[in-house]
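Peer 1: Quick one, query15.txt (compact mmCIF, C-alpha atoms):
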```txt
# COMPACT_ATOMS: atom_id res chain seq x y z
CA MET P 1 -22.61 239.23 47.51
CA THR P 2 -22.59 235.45 47.70
CA ASP P 3 -23.59 233.55 50.83
CA PHE P 4 -20.49 231.36 50.68
CA PRO P 5 -16.75 232.02 50.41
CA ILE P 6 -14.99 231.61 47.08
CA PRO P 7 -11.72 229.74 47.69
CA PHE P 8 -8.38 231.24 46.76
CA GLU P 9 -7.55 230.69 43.11
CA ASP P 10 -4.16 230.55 41.46
CA ASP P 11 -5.17 232.43 38.30
CA ASP P 12 -1.86 231.75 36.54
CA LEU P 13 -2.18 228.01 37.17
CA PHE P 14 -5.76 227.94 35.91
CA ALA P 15 -4.96 230.07 32.88
CA SER P 16 -2.17 227.72 31.81
CA ALA P 17 -3.86 224.41 32.61
CA GLY P 18 -4.25 221.90 29.82
CA LEU P 19 -7.63 220.83 31.17
CA ARG P 20 -9.71 223.05 33.41
CA LEU P 21 -13.05 222.88 35.16
CA THR P 22 -15.04 225.93 36.22
CA VAL P 23 -17.59 225.26 38.97
CA ASP P 24 -20.37 227.82 39.44
CA LEU P 25 -21.24 227.66 43.14
CA THR P 26 -24.18 230.04 42.70
CA ALA P 27 -25.73 227.69 40.15
CA LEU P 28 -25.10 224.77 42.50
CA THR P 29 -26.86 226.40 45.44
CA GLU P 30 -29.70 227.71 43.28
CA ASN P 31 -30.25 224.18 41.98
CA TRP P 32 -30.44 222.94 45.57
CA ARG P 33 -32.97 225.64 46.46
CA ASP P 34 -34.98 224.73 43.36
CA MET P 35 -35.07 221.07 44.39
CA ALA P 36 -35.95 222.07 47.95
CA ARG P 37 -38.96 224.00 46.60
CA ARG P 38 -39.97 221.06 44.43
CA SER P 39 -39.77 218.82 47.51
CA GLY P 40 -42.76 220.62 49.02
CA ALA P 41 -43.22 219.81 52.71
CA ALA P 42 -40.24 217.45 52.72
CA ARG P 43 -36.74 218.62 53.61
CA ALA P 44 -34.16 218.43 50.85
CA ALA P 45 -30.83 216.81 51.60
CA ALA P 46 -27.76 217.13 49.38
CA VAL P 47 -25.98 214.12 47.90
CA VAL P 48 -22.25 214.86 47.66
CA LYS P 49 -20.80 211.40 47.06
CA ALA P 50 -18.06 210.83 44.47
CA ASP P 51 -16.34 214.08 45.50
CA ALA P 52 -19.61 215.96 44.98
CA TYR P 53 -19.99 214.39 41.53
CA GLY P 54 -16.52 215.61 40.64
CA MET P 55 -17.11 219.21 41.76
CA GLY P 56 -15.06 218.94 44.97
CA ILE P 57 -16.71 217.87 48.21
CA GLU P 58 -14.98 220.56 50.27
CA ASP P 59 -16.16 223.61 48.30
CA ALA P 60 -19.44 222.18 47.04
CA GLY P 61 -20.29 220.80 50.48
CA GLU P 62 -19.56 224.10 52.21
CA ALA P 63 -21.58 226.07 49.65
CA LEU P 64 -24.58 223.76 50.08
CA TYR P 65 -24.28 223.89 53.86
CA LEU P 66 -24.20 227.68 53.88
CA ALA P 67 -27.19 227.69 51.52
CA GLY P 68 -29.17 225.79 54.15
CA ALA P 69 -28.67 222.07 53.53
CA ARG P 70 -28.53 220.19 56.84
CA ASP P 71 -28.76 216.57 55.67
CA PHE P 72 -26.01 215.14 53.45
CA PHE P 73 -25.34 211.75 51.89
CA VAL P 74 -21.84 210.50 51.12
CA ALA P 75 -20.68 207.12 49.81
CA THR P 76 -17.80 206.37 52.18
CA VAL P 77 -16.64 207.16 55.68
CA ASP P 78 -13.64 209.03 54.23
CA GLU P 79 -16.01 211.39 52.41
CA GLY P 80 -17.95 211.87 55.63
CA VAL P 81 -14.82 212.76 57.60
CA THR P 82 -13.88 215.35 54.98
CA LEU P 83 -17.36 216.83 54.75
CA ARG P 84 -17.66 217.20 58.53
CA LEU P 85 -15.01 219.94 58.43
CA TYR P 86 -17.20 222.01 56.08
CA ALA P 87 -20.67 221.14 57.41
CA PRO P 88 -20.14 221.22 61.17
CA GLU P 89 -23.75 220.82 62.32
CA ALA P 90 -25.12 218.74 59.46
CA ARG P 91 -26.44 215.20 59.69
CA ILE P 92 -24.15 213.15 57.43
CA PHE P 93 -25.28 209.71 56.25
CA VAL P 94 -22.71 207.21 54.95
CA LEU P 95 -24.36 205.07 52.28
CA SER P 96 -21.82 202.23 52.33
CA GLY P 97 -22.56 201.63 56.01
CA ILE P 98 -20.25 200.63 58.81
CA TRP P 99 -17.65 197.87 58.91
CA PRO P 100 -15.41 196.47 61.66
CA GLY P 101 -12.58 198.87 62.39
CA THR P 102 -14.43 202.01 61.30
CA GLU P 103 -16.49 202.56 64.45
CA ARG P 104 -14.28 205.25 65.97
CA ARG P 105 -14.28 207.28 62.76
CA PHE P 106 -18.09 207.28 62.79
CA PHE P 107 -18.28 208.28 66.44
CA ASP P 108 -15.47 210.84 66.36
CA ASN P 109 -16.94 212.60 63.31
CA ASP P 110 -20.63 212.21 64.20
CA LEU P 111 -21.48 210.22 61.06
CA VAL P 112 -24.64 208.15 60.62
CA PRO P 113 -24.18 204.69 59.07
CA VAL P 114 -26.77 203.47 56.57
CA ILE P 115 -27.42 199.80 57.41
CA SER P 116 -28.12 197.84 54.22
CA SER P 117 -27.61 194.14 54.96
CA ASP P 118 -28.16 191.46 57.57
CA GLU P 119 -24.41 191.33 58.19
CA GLN P 120 -24.18 195.07 58.79
CA LEU P 121 -27.24 194.94 61.04
CA ALA P 122 -25.73 192.17 63.18
CA PHE P 123 -22.44 194.07 63.47
CA TRP P 124 -24.29 197.28 64.34
CA MET P 125 -26.19 195.56 67.14
CA ALA P 126 -22.85 194.35 68.55
CA VAL P 127 -21.44 197.89 68.32
CA LEU P 128 -24.42 199.26 70.25
CA ALA P 129 -23.87 196.66 72.96
CA ASP P 130 -20.36 198.05 73.46
CA TYR P 131 -20.93 201.76 72.89
CA GLY P 132 -24.58 202.43 73.78
CA ASP P 133 -27.05 204.67 71.96
CA TYR P 134 -26.05 205.91 68.51
CA PRO P 135 -28.20 206.80 65.47
CA CYS P 136 -28.33 204.83 62.23
CA ALA P 137 -30.40 204.70 59.05
CA LEU P 138 -31.99 201.62 57.51
CA HIS P 139 -31.90 201.05 53.76
CA VAL P 140 -34.72 198.75 52.61
CA ASP P 141 -34.79 197.19 49.15
CA THR P 142 -38.20 197.71 47.51
CA GLY P 143 -37.31 196.21 44.14
CA PHE P 144 -34.00 197.64 43.00
CA ASN P 145 -32.05 194.53 44.06
CA ARG P 146 -28.89 196.45 44.72
CA LEU P 147 -28.54 197.32 48.41
CA GLY P 148 -31.03 197.04 51.22
CA LEU P 149 -32.68 194.86 53.83
CA ARG P 150 -35.51 192.66 52.59
CA ILE P 151 -38.93 194.19 53.20
CA ASP P 152 -40.10 191.30 55.38
CA ASP P 153 -36.96 191.53 57.49
CA ALA P 154 -37.35 195.27 57.92
CA LEU P 155 -40.99 194.85 58.97
CA ALA P 156 -40.08 192.08 61.41
CA LEU P 157 -37.35 194.27 62.88
CA ALA P 158 -39.83 197.08 63.44
CA ASP P 159 -42.09 194.70 65.43
CA ASP P 160 -39.27 192.98 67.32
CA VAL P 161 -39.86 193.88 70.96
CA SER P 162 -36.64 192.13 71.93
CA ARG P 163 -34.39 194.42 69.92
CA PRO P 164 -31.97 196.49 72.04
CA ALA P 165 -33.35 199.76 73.39
CA SER P 166 -30.19 201.43 72.08
CA PHE P 167 -31.19 200.57 68.50
CA ALA P 168 -32.58 203.91 67.34
CA PRO P 169 -32.82 204.46 63.57
CA VAL P 170 -33.38 208.08 62.61
CA LEU P 171 -34.17 207.37 58.95
CA VAL P 172 -35.62 204.58 56.83
CA MET P 173 -34.91 204.86 53.13
CA SER P 174 -35.18 203.12 49.77
CA HIS P 175 -34.27 203.92 46.18
CA LEU P 176 -36.27 203.94 42.94
CA SER P 177 -34.99 201.84 40.07
CA CYS P 178 -36.96 203.58 37.29
CA GLY P 179 -37.54 207.06 38.65
CA ASP P 180 -36.13 208.66 35.49
CA ASP P 181 -39.11 207.21 33.56
CA PRO P 182 -42.26 208.79 35.04
CA THR P 183 -44.53 206.34 33.19
CA HIS P 184 -42.87 203.16 34.47
CA ALA P 185 -45.14 200.94 36.58
CA MET P 186 -42.22 200.03 38.84
CA ASN P 187 -42.35 203.47 40.45
CA ARG P 188 -45.82 202.87 41.87
CA ARG P 189 -44.97 199.34 42.95
CA GLN P 190 -41.95 200.54 44.89
CA LEU P 191 -43.96 203.40 46.37
CA GLU P 192 -46.58 201.02 47.74
CA SER P 193 -43.90 198.74 49.17
CA PHE P 194 -42.13 201.64 50.82
CA ARG P 195 -45.34 202.95 52.32
CA ARG P 196 -45.61 199.69 54.25
CA VAL P 197 -42.11 200.11 55.59
CA SER P 198 -42.59 203.79 56.42
CA ALA P 199 -45.80 203.01 58.33
CA ALA P 200 -44.01 200.32 60.35
CA TYR P 201 -41.42 202.90 61.44
CA GLU P 202 -43.89 205.58 62.38
CA GLY P 203 -42.26 208.63 63.91
CA ILE P 204 -38.98 208.04 62.05
CA ASP P 205 -38.06 210.07 58.97
CA SER P 206 -38.65 208.31 55.65
CA SER P 207 -36.88 208.95 52.33
CA LEU P 208 -37.58 207.45 48.90
CA ALA P 209 -36.98 210.14 46.28
CA ALA P 210 -33.62 211.07 44.78
CA SER P 211 -33.55 213.70 42.00
CA ALA P 212 -35.85 211.86 39.61
CA GLY P 213 -38.24 210.85 42.37
CA ILE P 214 -38.71 214.49 43.38
CA PHE P 215 -40.14 215.19 39.93
CA LEU P 216 -42.65 212.33 40.37
CA GLY P 217 -44.60 214.44 42.86
CA GLU P 218 -45.47 214.70 46.52
CA ASP P 219 -46.51 211.04 46.92
CA TYR P 220 -42.82 210.17 46.62
CA HIS P 221 -41.41 212.90 48.85
CA PHE P 222 -42.12 211.57 52.37
CA ASP P 223 -40.02 213.44 54.99
CA LEU P 224 -36.65 213.82 53.27
CA THR P 225 -35.63 213.95 49.59
CA ARG P 226 -32.13 213.22 48.30
CA PRO P 227 -31.31 215.35 45.23
CA GLY P 228 -28.00 214.43 43.62
CA ILE P 229 -27.41 214.82 39.86
CA SER P 230 -29.90 217.68 39.63
CA LEU P 231 -27.76 219.80 41.96
CA TYR P 232 -24.87 219.60 39.51
CA GLY P 233 -26.95 220.54 36.47
CA GLY P 234 -27.56 217.03 35.17
CA GLU P 235 -30.71 215.65 33.62
CA ALA P 236 -32.76 213.63 36.11
CA VAL P 237 -35.79 212.65 34.01
CA SER P 238 -35.56 211.19 30.51
CA GLY P 239 -37.52 213.02 27.81
CA MET P 240 -38.12 216.13 29.91
CA ALA P 241 -36.47 219.49 29.35
CA ASN P 242 -33.81 219.89 32.02
CA PRO P 243 -34.75 222.83 34.28
CA MET P 244 -31.47 222.87 36.23
CA ARG P 245 -28.74 225.45 35.80
CA PRO P 246 -25.41 224.19 34.41
CA VAL P 247 -22.80 224.07 37.15
CA ALA P 248 -19.61 222.75 35.54
CA THR P 249 -17.80 223.90 32.42
CA ALA P 250 -14.89 221.75 31.22
CA GLU P 251 -12.37 223.12 28.75
CA ALA P 252 -9.24 221.77 27.06
CA ARG P 253 -6.34 223.73 25.62
CA ILE P 254 -5.75 223.59 21.88
CA ILE P 255 -2.15 222.42 21.50
CA GLN P 256 -1.91 222.60 17.72
CA VAL P 257 -3.91 223.71 14.71
CA ARG P 258 -2.96 221.93 11.49
CA THR P 259 -4.10 221.79 7.88
CA VAL P 260 -4.55 218.33 6.34
CA GLU P 261 -5.09 217.55 2.67
CA ALA P 262 -8.17 215.82 1.28
CA GLY P 263 -7.82 212.03 1.20
CA GLU P 264 -5.66 211.79 4.31
CA THR P 265 -6.79 209.98 7.44
CA VAL P 266 -7.00 211.07 11.06
CA SER P 267 -5.99 209.41 14.35
CA TYR P 268 -5.73 205.70 15.26
CA GLY P 269 -7.07 203.07 12.90
CA ARG P 270 -7.51 205.62 10.08
CA ALA P 271 -11.10 205.81 11.30
CA LEU P 272 -11.76 209.11 9.51
CA GLN P 273 -10.82 209.87 5.92
CA LEU P 274 -11.04 213.52 4.97
CA HIS P 275 -13.01 214.38 1.84
CA ARG P 276 -11.77 217.98 1.71
CA GLU P 277 -8.79 219.96 2.82
CA SER P 278 -9.41 220.39 6.53
CA ARG P 279 -8.21 222.35 9.51
CA LEU P 280 -7.91 220.32 12.69
CA ALA P 281 -7.48 221.48 16.28
CA VAL P 282 -5.72 219.06 18.65
CA ALA P 283 -6.90 219.51 22.25
CA SER P 284 -5.25 218.33 25.46
CA ALA P 285 -8.01 216.06 26.77
CA GLY P 286 -8.68 212.40 26.16
CA TYR P 287 -10.25 209.36 27.71
CA ALA P 288 -7.79 209.48 30.62
CA ASP P 289 -9.54 212.73 31.53
CA GLY P 290 -13.06 211.36 31.28
CA TYR P 291 -13.57 212.57 27.70
CA MET P 292 -14.77 209.19 26.58
CA ARG P 293 -13.41 207.30 23.59
CA SER P 294 -16.96 206.28 22.67
CA GLN P 295 -17.52 209.87 21.46
CA SER P 296 -15.07 209.33 18.59
CA SER P 297 -16.42 210.17 15.14
CA GLY P 298 -15.60 206.66 13.88
CA GLY P 299 -13.78 203.45 14.66
CA VAL P 300 -15.75 202.71 17.86
CA PRO P 301 -18.74 200.36 18.24
CA LEU P 302 -21.18 203.11 19.26
CA ARG P 303 -20.98 204.76 15.83
CA GLN P 304 -22.69 201.69 14.38
CA VAL P 305 -25.73 202.56 16.51
CA VAL P 306 -25.61 206.34 16.87
CA SER P 307 -24.14 208.07 13.83
CA GLN P 308 -23.33 211.41 15.50
CA GLY P 309 -20.10 211.51 17.49
CA GLY P 310 -19.06 214.07 20.05
CA GLN P 311 -18.72 217.81 19.58
CA GLY P 312 -16.90 220.66 21.26
CA PHE P 313 -17.63 224.38 21.32
CA ILE P 314 -15.13 227.01 20.26
CA ALA P 315 -15.25 230.50 18.74
CA GLY P 316 -19.04 230.53 18.98
CA HIS P 317 -19.58 227.27 17.09
CA LYS P 318 -20.00 223.57 17.71
CA VAL P 319 -17.25 221.54 16.10
CA PRO P 320 -17.19 217.74 15.61
CA VAL P 321 -14.67 215.30 17.02
CA ALA P 322 -12.44 214.06 14.17
CA GLY P 323 -11.39 210.41 14.29
CA ARG P 324 -10.76 208.45 17.45
CA ILE P 325 -10.31 210.11 20.83
CA THR P 326 -6.98 209.05 22.34
CA MET P 327 -5.66 208.82 25.90
CA ASP P 328 -4.53 212.44 26.25
CA LEU P 329 -5.69 214.14 23.05
CA THR P 330 -8.84 214.80 21.03
CA ILE P 331 -8.95 216.22 17.51
CA PHE P 332 -11.72 218.59 16.44
CA ASP P 333 -12.59 219.55 12.86
CA ILE P 334 -12.65 223.37 12.68
CA THR P 335 -12.73 223.65 8.89
CA ASP P 336 -16.08 225.46 8.87
CA LEU P 337 -14.89 228.20 11.25
CA PRO P 338 -13.35 231.42 9.97
CA GLU P 339 -9.71 230.81 9.13
CA ASN P 340 -8.16 232.66 12.07
CA ALA P 341 -10.92 231.93 14.62
CA VAL P 342 -8.90 229.29 16.48
CA ARG P 343 -5.25 229.40 17.44
CA SER P 344 -2.92 227.29 19.53
CA GLY P 345 -3.46 228.12 23.18
CA ASP P 346 -7.21 228.72 22.82
CA TYR P 347 -9.65 226.53 24.74
CA VAL P 348 -12.42 224.30 23.46
CA GLU P 349 -15.44 223.70 25.70
CA LEU P 350 -16.05 219.99 26.26
CA PHE P 351 -19.29 220.55 28.16
CA GLY P 352 -20.87 223.41 30.04
CA LYS P 353 -23.01 226.39 29.16
CA ASN P 354 -22.73 225.93 25.39
CA MET P 355 -22.37 222.13 25.23
CA ALA P 356 -25.03 220.62 27.49
CA LEU P 357 -23.65 217.91 29.76
CA ASP P 358 -26.30 215.39 28.78
CA GLU P 359 -25.90 216.10 25.06
CA VAL P 360 -22.23 215.17 25.45
CA ALA P 361 -23.21 212.10 27.46
CA ARG P 362 -25.63 210.87 24.80
CA ALA P 363 -22.94 211.16 22.14
CA ALA P 364 -20.80 208.92 24.36
CA GLY P 365 -23.63 206.43 24.92
CA THR P 366 -23.77 207.17 28.64
CA ILE P 367 -25.31 209.54 31.18
CA GLY P 368 -24.25 212.86 32.65
CA TYR P 369 -23.36 211.21 35.97
CA GLU P 370 -20.53 209.27 34.34
CA ILE P 371 -19.18 212.26 32.44
CA LEU P 372 -19.04 214.43 35.59
CA THR P 373 -17.53 211.80 37.88
CA SER P 374 -14.96 210.65 35.30
CA MET P 375 -13.19 213.95 34.85
CA GLY P 376 -10.12 212.57 36.61
CA LEU P 377 -7.35 214.30 38.50
CA ARG P 378 -5.66 216.30 35.74
CA HIS P 379 -8.09 219.18 35.48
CA GLU P 380 -7.48 222.40 37.35
CA ARG P 381 -10.62 223.60 39.16
CA ARG P 382 -11.79 227.18 39.51
CA TYR P 383 -14.79 228.21 41.62
CA VAL P 384 -16.92 231.18 40.65
CA ALA P 385 -20.18 232.72 41.81
CA GLU P 386 -22.06 233.97 38.77
CA GLU P 387 -25.41 235.70 39.12
```
Using the file provided, produce a representation of the structure as structure tokens.
Peer 2:
Amino acid sequence: MTDFPIPFEDDDLFASAGLRLTVDLTALTENWRDMARRSGAARAAAVVKADAYGMGIEDAGEALYLAGARDFFVATVDEGVTLRLYAPEARIFVLSGIWPGTERRFFDNDLVPVISSDEQLAFWMAVLADYGDYPCALHVDTGFNRLGLRIDDALALADDVSRPASFAPVLVMSHLSCGDDPTHAMNRRQLESFRRVSAAYEGIDSSLAASAGIFLGEDYHFDLTRPGISLYGGEAVSGMANPMRPVATAEARIIQVRTVEAGETVSYGRALQLHRESRLAVASAGYADGYMRSQSSGGVPLRQVVSQGGQGFIAGHKVPVAGRITMDLTIFDITDLPENAVRSGDYVELFGKNMALDEVARAAGTIGYEILTSMGLRHERRYVAEE
């Protein structure tokens, strides 16, 4: 038995979908438990921004909540409002912070704004003057130069005896810029900077490590870790074997199988010329579905740097992309498969258990995060719980 409900599925709709995504909720929750163990004495939150990295914030959020997660991070207030329905007693942090006009949505849904700038801090102080005590988190920049209060400003705020008594941060956090490279000197520099901030806010939870930072060891864990990509099966640390279970499997329907003579060309720009009679399978997924054009076998700039284009998996074999990927369609070369191994209506795996997410990402010149979150709206999702 699973410890979370599997939502109702329309099997006929899934079976006939041109592009479909299977989400293994057991793998998702086991990945969270794995990262919680790796976090040692620290609590492990769950990052579910970007619609839970494309997996669906409702079902993924509920599964993680029922597995024991009690701290969540979302990107926007809209995501927080949605998640609250599925994680009723969780602490939900909104990374984009609070802006004029959103106050009531924070209060009504018990969401915690992450304050990341002087402007947000000034507005938050004004909100507290009107509404009284309410928790917030402070994001401090320790070298990323993306979001966050300056270190000196955060330290001064901690020592400011004139600040309102209603100002009560429950978390101080920062983010590593090079956590995916365990040897990078920037990790230690940011750690030392954050230690200063954490010490200044003694008694308040501190958080530095996202997925990659968890693998750096206990020095980086503090009170709360923030696993994200690792929960969804993605690779968090470059050059290290990925220990996470795959969560998502994307498949596209084969619309047509055709035989093409040697010497003919394939797809836009005649980017691929065939040197033998070939069998090609045309699948119903393209760059509009997040299957990126940069994976094309030729005719795109990336092939001048990385010779190997993308591959799919069908009938027990990996098969290469043939020619350029187009908006709605991708062509795969299935010549080396047995003649009747693939037929119209079959499905080719784009990534999943047989085609590792990050292998697909490397062929596209990107990272697993982008592949997952770019899957678009045209796939039909199915949730399973596989042991």
Peer 1: At a cut-off of 10 Å, using all atoms listed in the file, what residues contact Arg20 in chain P? Leave out same-chain residues fewer than 2 positions from it and give the result as a PyMOL selection string.
Peer 2: chain P and resi 13-18+22-23+249-253+285+347+349+375+378-382
Peer 1: Could you pull out every residue with an atom within 7 Å of (-27.6, 228.2, 38.9), file coordinates, counting only C-alpha atoms, and send them as a ChimeraX atom specification?
Peer 2: /P:26-31,245-247
Peer 1: Just the number, please: distance in Å from CA of Leu121 in chain P to CA of Arg163 in chain P, one decimal.
Peer 2: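 These two atoms are separated by 11.4 Å.
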Peer 1: With distances taken over all atoms listed in the file, which of P:Arg362, P:Arg196, P:Arg343, P:His317 is nearest to Val305 in chain P?
Peer 2: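 Residue with the minimum atom-to-atom distance to Val305 in chain P: P:Arg362.
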Peer 1: Considering all atoms listed in the file, state which residue in the set P:Glu119, P:Asp78, P:Asp346, P:Glu235 is at the smallest distance from Thr102 in chain P.
Peer 2: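 Ranked by minimum distance to Thr102 in chain P, first place goes to P:Asp78.
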Peer 1: To one decimal place, how far is CA of Thr142 in chain P from CA of Gly368 in chain P in Å?
Peer 2: 25.4 Å
Peer 1: Report as a VMD selection string all protein, DNA and RNA residues lying within 7 Å of Phe93 in chain P, evaluated on only C-alpha atoms, omitting residues in the same chain fewer than 4 positions from it.
Peer 2: chain P and resid 72 to 74 111 to 114
Peer 1: Restore all heavy atoms in range 194-203 of chain P and list the result as a short mmCIF file (atom, residue, chain, number, x, y, z; two decimals), keeping the file's coordinate frame.
Peer 2:
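File rebuild.cif, as written:
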```
data_model
loop_
_atom_site.label_atom_id
_atom_site.label_comp_id
_atom_site.auth_asym_id
_atom_site.auth_seq_id
_atom_site.Cartn_x
_atom_site.Cartn_y
_atom_site.Cartn_z
N PHE P 194 -42.79 200.77 49.85
CA PHE P 194 -42.13 201.64 50.82
C PHE P 194 -43.11 202.22 51.82
O PHE P 194 -42.76 202.46 52.98
CB PHE P 194 -41.36 202.75 50.11
CG PHE P 194 -40.49 203.55 51.05
CD1 PHE P 194 -39.40 202.97 51.68
CD2 PHE P 194 -40.78 204.88 51.33
CE1 PHE P 194 -38.60 203.70 52.55
CE2 PHE P 194 -39.99 205.62 52.20
CZ PHE P 194 -38.91 205.02 52.82
N ARG P 195 -44.33 202.46 51.38
CA ARG P 195 -45.34 202.95 52.32
C ARG P 195 -45.54 201.97 53.48
O ARG P 195 -45.74 202.38 54.63
CB ARG P 195 -46.66 203.19 51.59
CG ARG P 195 -46.71 204.51 50.83
CD ARG P 195 -47.97 204.63 50.02
NE ARG P 195 -48.13 205.99 49.48
CZ ARG P 195 -48.95 206.32 48.49
NH1 ARG P 195 -49.71 205.37 47.92
NH2 ARG P 195 -49.03 207.55 48.07
N ARG P 196 -45.49 200.69 53.19
CA ARG P 196 -45.61 199.69 54.25
C ARG P 196 -44.47 199.82 55.25
O ARG P 196 -44.67 199.76 56.47
CB ARG P 196 -45.61 198.27 53.66
CG ARG P 196 -46.81 197.92 52.81
CD ARG P 196 -46.60 196.58 52.13
NE ARG P 196 -46.33 195.51 53.10
CZ ARG P 196 -45.67 194.39 52.81
NH1 ARG P 196 -45.18 194.21 51.59
NH2 ARG P 196 -45.48 193.47 53.74
N VAL P 197 -43.28 199.99 54.72
CA VAL P 197 -42.11 200.11 55.59
C VAL P 197 -42.18 201.41 56.40
O VAL P 197 -41.94 201.42 57.62
CB VAL P 197 -40.82 200.07 54.75
CG1 VAL P 197 -39.60 200.31 55.64
CG2 VAL P 197 -40.70 198.75 54.01
N SER P 198 -42.51 202.50 55.74
CA SER P 198 -42.59 203.79 56.42
C SER P 198 -43.61 203.75 57.56
O SER P 198 -43.36 204.27 58.66
CB SER P 198 -42.95 204.88 55.42
OG SER P 198 -43.08 206.15 56.05
N ALA P 199 -44.76 203.11 57.30
CA ALA P 199 -45.80 203.01 58.33
C ALA P 199 -45.32 202.20 59.53
O ALA P 199 -45.67 202.49 60.68
CB ALA P 199 -47.06 202.40 57.74
N ALA P 200 -44.52 201.17 59.26
CA ALA P 200 -44.01 200.32 60.35
C ALA P 200 -43.02 201.08 61.23
O ALA P 200 -42.84 200.72 62.40
CB ALA P 200 -43.35 199.07 59.77
N TYR P 201 -42.37 202.10 60.68
CA TYR P 201 -41.42 202.90 61.44
C TYR P 201 -41.99 204.29 61.69
O TYR P 201 -41.33 205.31 61.50
CB TYR P 201 -40.09 202.97 60.69
CG TYR P 201 -39.32 201.67 60.72
CD1 TYR P 201 -39.55 200.68 59.77
CD2 TYR P 201 -38.39 201.40 61.72
CE1 TYR P 201 -38.87 199.46 59.79
CE2 TYR P 201 -37.69 200.20 61.76
CZ TYR P 201 -37.94 199.24 60.80
OH TYR P 201 -37.26 198.04 60.84
N GLU P 202 -43.21 204.32 62.11
CA GLU P 202 -43.89 205.58 62.38
C GLU P 202 -43.09 206.43 63.36
O GLU P 202 -42.56 205.93 64.36
CB GLU P 202 -45.29 205.31 62.96
CG GLU P 202 -46.13 206.55 63.16
CD GLU P 202 -47.51 206.23 63.69
OE1 GLU P 202 -47.80 205.04 63.93
OE2 GLU P 202 -48.29 207.18 63.88
N GLY P 203 -43.01 207.73 63.06
CA GLY P 203 -42.26 208.63 63.91
C GLY P 203 -40.81 208.78 63.52
O GLY P 203 -40.09 209.61 64.08
#
```
